[in-house]
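Novice: So here's structure.txt, just compact mmCIF, C-alpha atoms:
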```
# COMPACT_ATOMS: atom_id res chain seq x y z
CA MET A 1 140.42 182.30 27.63
CA THR A 2 142.10 184.23 30.41
CA LEU A 3 140.88 187.57 31.67
CA SER A 4 143.86 189.37 30.14
CA ASN A 5 143.19 187.73 26.75
CA ALA A 6 139.53 188.74 26.95
CA ILE A 7 140.51 192.32 27.76
CA THR A 8 142.99 192.37 24.86
CA VAL A 9 140.33 191.10 22.44
CA ALA A 10 137.84 193.68 23.73
CA VAL A 11 140.35 196.51 23.26
CA VAL A 12 141.20 195.37 19.72
CA VAL A 13 137.52 195.02 18.79
CA TRP A 14 136.89 198.52 20.14
CA ALA A 15 140.00 200.15 18.61
CA VAL A 16 140.20 198.74 15.08
CA PRO A 17 137.01 200.38 13.71
CA ARG A 18 138.10 203.69 15.22
CA CYS A 19 141.69 203.52 13.95
CA TRP A 20 141.07 202.09 10.47
CA PRO A 21 139.83 205.39 8.93
CA HIS A 22 143.04 207.09 10.11
CA VAL A 23 145.15 204.29 8.63
CA GLY A 24 143.10 204.39 5.42
CA ALA A 25 143.69 208.12 5.04
CA LEU A 26 147.41 207.68 5.71
CA VAL A 27 147.94 204.96 3.11
CA GLY A 28 145.36 206.12 0.57
CA VAL A 29 142.45 203.70 0.98
CA ARG A 30 139.40 205.64 -0.18
CA ALA A 31 135.86 205.42 1.18
CA ARG A 32 133.78 202.58 -0.27
CA ASP A 33 130.60 204.58 -0.81
CA ALA A 34 131.27 207.52 -3.10
CA ARG A 35 128.82 209.87 -1.39
CA ARG A 36 128.45 213.32 -2.94
CA PRO A 37 126.70 215.40 -0.25
CA ASP A 38 124.49 218.27 -1.35
CA TYR A 39 124.38 221.01 1.29
CA MET A 40 124.03 224.73 1.85
CA VAL A 41 125.19 226.51 5.03
CA THR A 42 125.59 230.07 6.21
CA THR A 43 128.79 230.60 8.15
CA ARG A 44 129.02 232.62 11.34
CA SER A 45 130.50 235.46 9.25
CA GLY A 46 127.42 235.43 6.97
CA GLU A 47 129.00 233.71 3.96
CA LEU A 48 126.81 231.25 2.05
CA LEU A 49 128.71 228.06 1.24
CA THR A 50 127.26 225.24 -0.84
CA SER A 51 128.56 221.95 -2.09
CA ALA A 52 128.46 223.47 -5.60
CA SER A 53 130.38 226.61 -4.59
CA LEU A 54 133.13 224.47 -3.06
CA ARG A 55 133.61 222.24 -6.14
CA GLY A 56 137.17 222.48 -7.33
CA LYS A 57 138.40 222.70 -3.75
CA VAL A 58 139.43 219.94 -1.37
CA VAL A 59 137.14 220.34 1.64
CA LEU A 60 137.70 218.99 5.14
CA VAL A 61 134.31 219.09 6.86
CA ASN A 62 134.48 218.77 10.64
CA VAL A 63 131.28 218.10 12.64
CA TRP A 64 131.71 219.20 16.25
CA ALA A 65 130.13 220.76 19.34
CA THR A 66 131.34 223.16 22.02
CA TRP A 67 130.42 220.66 24.77
CA CYS A 68 132.55 217.88 23.22
CA PRO A 69 136.02 217.54 24.87
CA PRO A 70 137.67 215.73 21.90
CA CYS A 71 136.27 218.42 19.58
CA ARG A 72 137.87 221.11 21.73
CA ALA A 73 141.17 219.25 21.78
CA GLU A 74 141.41 218.89 18.00
CA MET A 75 140.60 222.50 17.09
CA PRO A 76 144.19 223.83 17.18
CA ALA A 77 145.27 221.02 14.82
CA LEU A 78 142.37 221.82 12.50
CA GLN A 79 143.32 225.49 12.44
CA GLN A 80 146.90 224.48 11.56
CA LEU A 81 145.61 222.32 8.69
CA ALA A 82 143.39 225.14 7.45
CA ASP A 83 146.31 227.57 7.51
CA ALA A 84 148.77 225.13 5.94
CA TYR A 85 146.66 224.19 2.91
CA ALA A 86 144.42 227.21 2.20
CA ALA A 87 146.75 228.58 -0.49
CA GLU A 88 146.75 225.20 -2.25
CA GLY A 89 142.96 225.00 -2.53
CA MET A 90 141.75 223.33 0.65
CA VAL A 91 138.86 224.67 2.69
CA LEU A 92 138.21 223.55 6.24
CA LEU A 93 134.52 223.86 7.07
CA GLY A 94 133.38 223.45 10.66
CA LEU A 95 129.80 222.33 11.23
CA SER A 96 128.68 222.99 14.79
CA VAL A 97 125.73 220.94 16.04
CA ASP A 98 125.26 223.18 19.09
CA ARG A 99 121.67 224.06 19.94
CA GLY A 100 122.46 226.94 22.29
CA SER A 101 122.88 230.55 21.29
CA ALA A 102 124.97 231.48 18.27
CA GLY A 103 126.75 233.99 20.51
CA GLU A 104 128.13 231.15 22.63
CA VAL A 105 129.56 229.44 19.54
CA ASP A 106 131.03 232.75 18.33
CA ALA A 107 132.67 233.37 21.72
CA PHE A 108 134.02 229.80 21.76
CA LEU A 109 135.59 230.28 18.31
CA ALA A 110 137.03 233.70 19.16
CA GLU A 111 138.52 232.37 22.40
CA ARG A 112 140.40 229.69 20.44
CA GLY A 113 141.43 231.87 17.50
CA ILE A 114 139.47 229.79 14.98
CA THR A 115 139.38 231.58 11.62
CA TYR A 116 138.18 228.88 9.23
CA PRO A 117 134.49 229.04 8.23
CA VAL A 118 132.05 227.59 10.75
CA ALA A 119 128.30 227.16 10.45
CA ILE A 120 125.76 226.06 13.02
CA VAL A 121 123.75 223.32 11.32
CA ASP A 122 120.74 221.09 11.83
CA ASP A 123 120.27 217.37 11.31
CA GLN A 124 119.40 217.84 7.62
CA VAL A 125 122.90 219.09 6.78
CA ILE A 126 124.50 216.27 8.77
CA ALA A 127 122.23 213.75 6.99
CA ALA A 128 123.61 214.95 3.63
CA PHE A 129 126.96 213.49 4.72
CA GLY A 130 125.34 210.22 5.79
CA GLY A 131 125.00 211.19 9.45
CA VAL A 132 127.48 210.81 12.25
CA ARG A 133 127.80 208.26 15.03
CA GLY A 134 129.83 210.46 17.35
CA TYR A 135 131.64 213.74 17.73
CA PRO A 136 133.89 214.87 16.28
CA THR A 137 133.50 213.35 12.81
CA SER A 138 135.39 214.64 9.79
CA PHE A 139 134.79 214.13 6.08
CA LEU A 140 137.54 214.71 3.53
CA VAL A 141 135.91 215.68 0.24
CA ASP A 142 137.73 215.74 -3.11
CA ARG A 143 137.57 218.47 -5.77
CA GLN A 144 134.56 216.81 -7.40
CA GLY A 145 132.59 216.88 -4.13
CA VAL A 146 132.94 213.17 -3.33
CA VAL A 147 133.67 212.07 0.24
CA GLN A 148 136.97 210.16 0.12
CA HIS A 149 137.61 209.67 3.84
CA THR A 150 135.42 209.71 6.94
CA VAL A 151 137.11 209.83 10.34
CA MET A 152 135.26 209.56 13.64
CA GLY A 153 137.16 210.92 16.59
CA PRO A 154 139.79 213.63 16.80
CA VAL A 155 141.58 214.41 13.57
CA ALA A 156 145.15 213.20 13.45
CA PRO A 157 147.08 215.62 11.20
CA LEU A 158 149.77 212.99 10.75
CA THR A 159 147.30 210.72 8.96
CA LEU A 160 145.22 213.39 7.22
CA ARG A 161 148.08 215.44 5.76
CA PRO A 162 149.05 212.71 3.24
CA ALA A 163 145.39 212.29 2.24
CA ILE A 164 144.95 216.05 1.83
CA ARG A 165 148.15 216.31 -0.25
CA ARG A 166 147.01 213.43 -2.49
CA LEU A 167 143.63 215.07 -3.11
CA LEU A 168 145.20 218.48 -3.73
CA ALA A 169 147.56 216.93 -6.29
CA ASP A 170 144.66 215.05 -7.93
CA SER A 171 143.41 218.00 -9.99
CA THR A 172 143.12 216.19 -13.32
CA VAL A 173 140.81 213.33 -12.29
CA ALA A 174 137.65 213.24 -14.37
CA GLU A 175 134.41 213.65 -12.44
CA GLY A 176 133.06 210.35 -11.19
CA VAL A 177 136.18 208.34 -12.10
CA ARG A 178 137.85 206.64 -9.14
```
For the file at hand, write its structure as C-alpha cells.
Specialist:
Amino acid sequence: MTLSNAITVAVVVWAVPRCWPHVGALVGVRARDARRPDYMVTTRSGELLTSASLRGKVVLVNVWATWCPPCRAEMPALQQLADAYAAEGMVLLGLSVDRGSAGEVDAFLAERGITYPVAIVDDQVIAAFGGVRGYPTSFLVDRQGVVQHTVMGPVAPLTLRPAIRRLLADSTVAEGVR
C-alpha cells in the first residue's frame, strides 16, 4: 500500500462515521435505537421545558459550548432553522454545557442574536439523550419524543431541512410505531 492510499483510507475511515448521520437525515434513514429522553430544563429566560411539555412538537436539540469553534460557526444556521420552522411546530432547544457564569452565556447569545430557547445543563440532562462524544451534537426528536436523528459536528441545514420537514408532516403516526 502506498502512502497516498494509506492516507486516503485513513480519511475515509475518519469521515464516513461523521458524514453518515447527515446523509441519513437527508435521505430519511432513522436512528436505530428509538431513545425517548426524559428531561427537564430551565431556559435562560426562565421558562421550564420538559420532554413532556414538548410532545407534539418536532424538537431539534443542540448540545454546544461557548468555547467550541464549530458550535459558534453553526449558530446562525440554527437560528435560521428555528425561525423557518417555528410556525410549523418545531422547537430548537440549545443545551449549553458551559461551566462558567450564566452571564457569559447570556452575553454570548445576545451578541449573536440567538432567540431560540437555551438552557445551561449538567451531565444528567446530556445522559438522558445517551451522552455526546463531541461538540456540537444535535438530536432531532419527533412529535412523540423519540430521537430520530443524531448528528455530531456542525449542523448542515441542507441535510436537516428534509428530515425536519418529514417529521413535521408526520403528525398522524401512532406513538411507538416506526
Novice: Quick one: residues within 9 Å of (125.7, 226.4, 3.0) (file frame), counting all atoms listed in the file, please, as a PyMOL selection string.
Specialist: chain A and resi 39-43+47-51+53+119+125
Novice: For the selection you just gave me, I'd like the residues written to a file as a compact mmCIF listing (two decimals), in the coordinates of the input, keeping C-alpha atoms.
Specialist:
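Written output follows (result08.txt):
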```txt
# COMPACT_ATOMS: atom_id res chain seq x y z
CA TYR A 39 124.38 221.01 1.29
CA MET A 40 124.03 224.73 1.85
CA VAL A 41 125.19 226.51 5.03
CA THR A 42 125.59 230.07 6.21
CA THR A 43 128.79 230.60 8.15
CA GLU A 47 129.00 233.71 3.96
CA LEU A 48 126.81 231.25 2.05
CA LEU A 49 128.71 228.06 1.24
CA THR A 50 127.26 225.24 -0.84
CA SER A 51 128.56 221.95 -2.09
CA SER A 53 130.38 226.61 -4.59
CA ALA A 119 128.30 227.16 10.45
CA VAL A 125 122.90 219.09 6.78
```
Novice: CA of Gly56 in chain A and CA of Ile164 in chain A are how many Å apart?
Specialist: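 CA of Gly56 in chain A sits 13.6 Å away from CA of Ile164 in chain A.
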Novice: Do you know which residues are at most 9 Å from Pro136 in chain A counting only C-alpha atoms, after dropping those on the same chain fewer than 6 positions away, and could you put them as a list in words?
Specialist: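 My list of contacting residues is Asn62, Val63, Trp64, Ala65, Cys68, Pro70, Cys71, Glu74, Val151, Met152, Gly153, Pro154 and Val155 of chain A.
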Novice: What's the separation between CA of Thr159 in chain A and CA of Ala77 in chain A, in Å to one decimal place?
Specialist: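 Between CA of Thr159 in chain A and CA of Ala77 in chain A the gap works out to 12.0 Å.
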Novice: Could you check which of A:Ser45, A:Thr150, A:Val59, A:Ala34 is closest to Asp106 in chain A, using all atoms listed in the file?
Specialist: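 Closest candidate: A:Ser45.
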Novice: Using only C-alpha atoms, which of the listed residues (A:Ala127, A:Ala52, A:Ile120, A:Val61) sits closest to Ser101 in chain A?
Specialist: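 When distances to Ser101 in chain A are compared using only C-alpha atoms, the smallest one comes from A:Ile120.
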Novice: Let me make sure I understand: among A:Ala82, A:Arg112, A:Gly89, A:Phe129, which one has the smallest atom-to-atom distance to His149 in chain A if we use all atoms listed in the file?
Specialist: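 Of A:Ala82, A:Arg112, A:Gly89, A:Phe129, the one nearest His149 in chain A, counting all atoms listed in the file, is A:Phe129.
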Novice: I need the residue nearest Ile114 in chain A from this list: A:Pro76, A:Gly134, A:Pro157, A:Gly145. Use only C-alpha atoms for the distance.
Specialist: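 That would be A:Pro76, the residue with the smallest distance to Ile114 in chain A.
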Novice: Quick one: pull the distance between CA of Thr137 in chain A and CA of Val121 in chain A, Å, one decimal.
Specialist: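 CA of Val121 in chain A lies 14.0 Å from CA of Thr137 in chain A.
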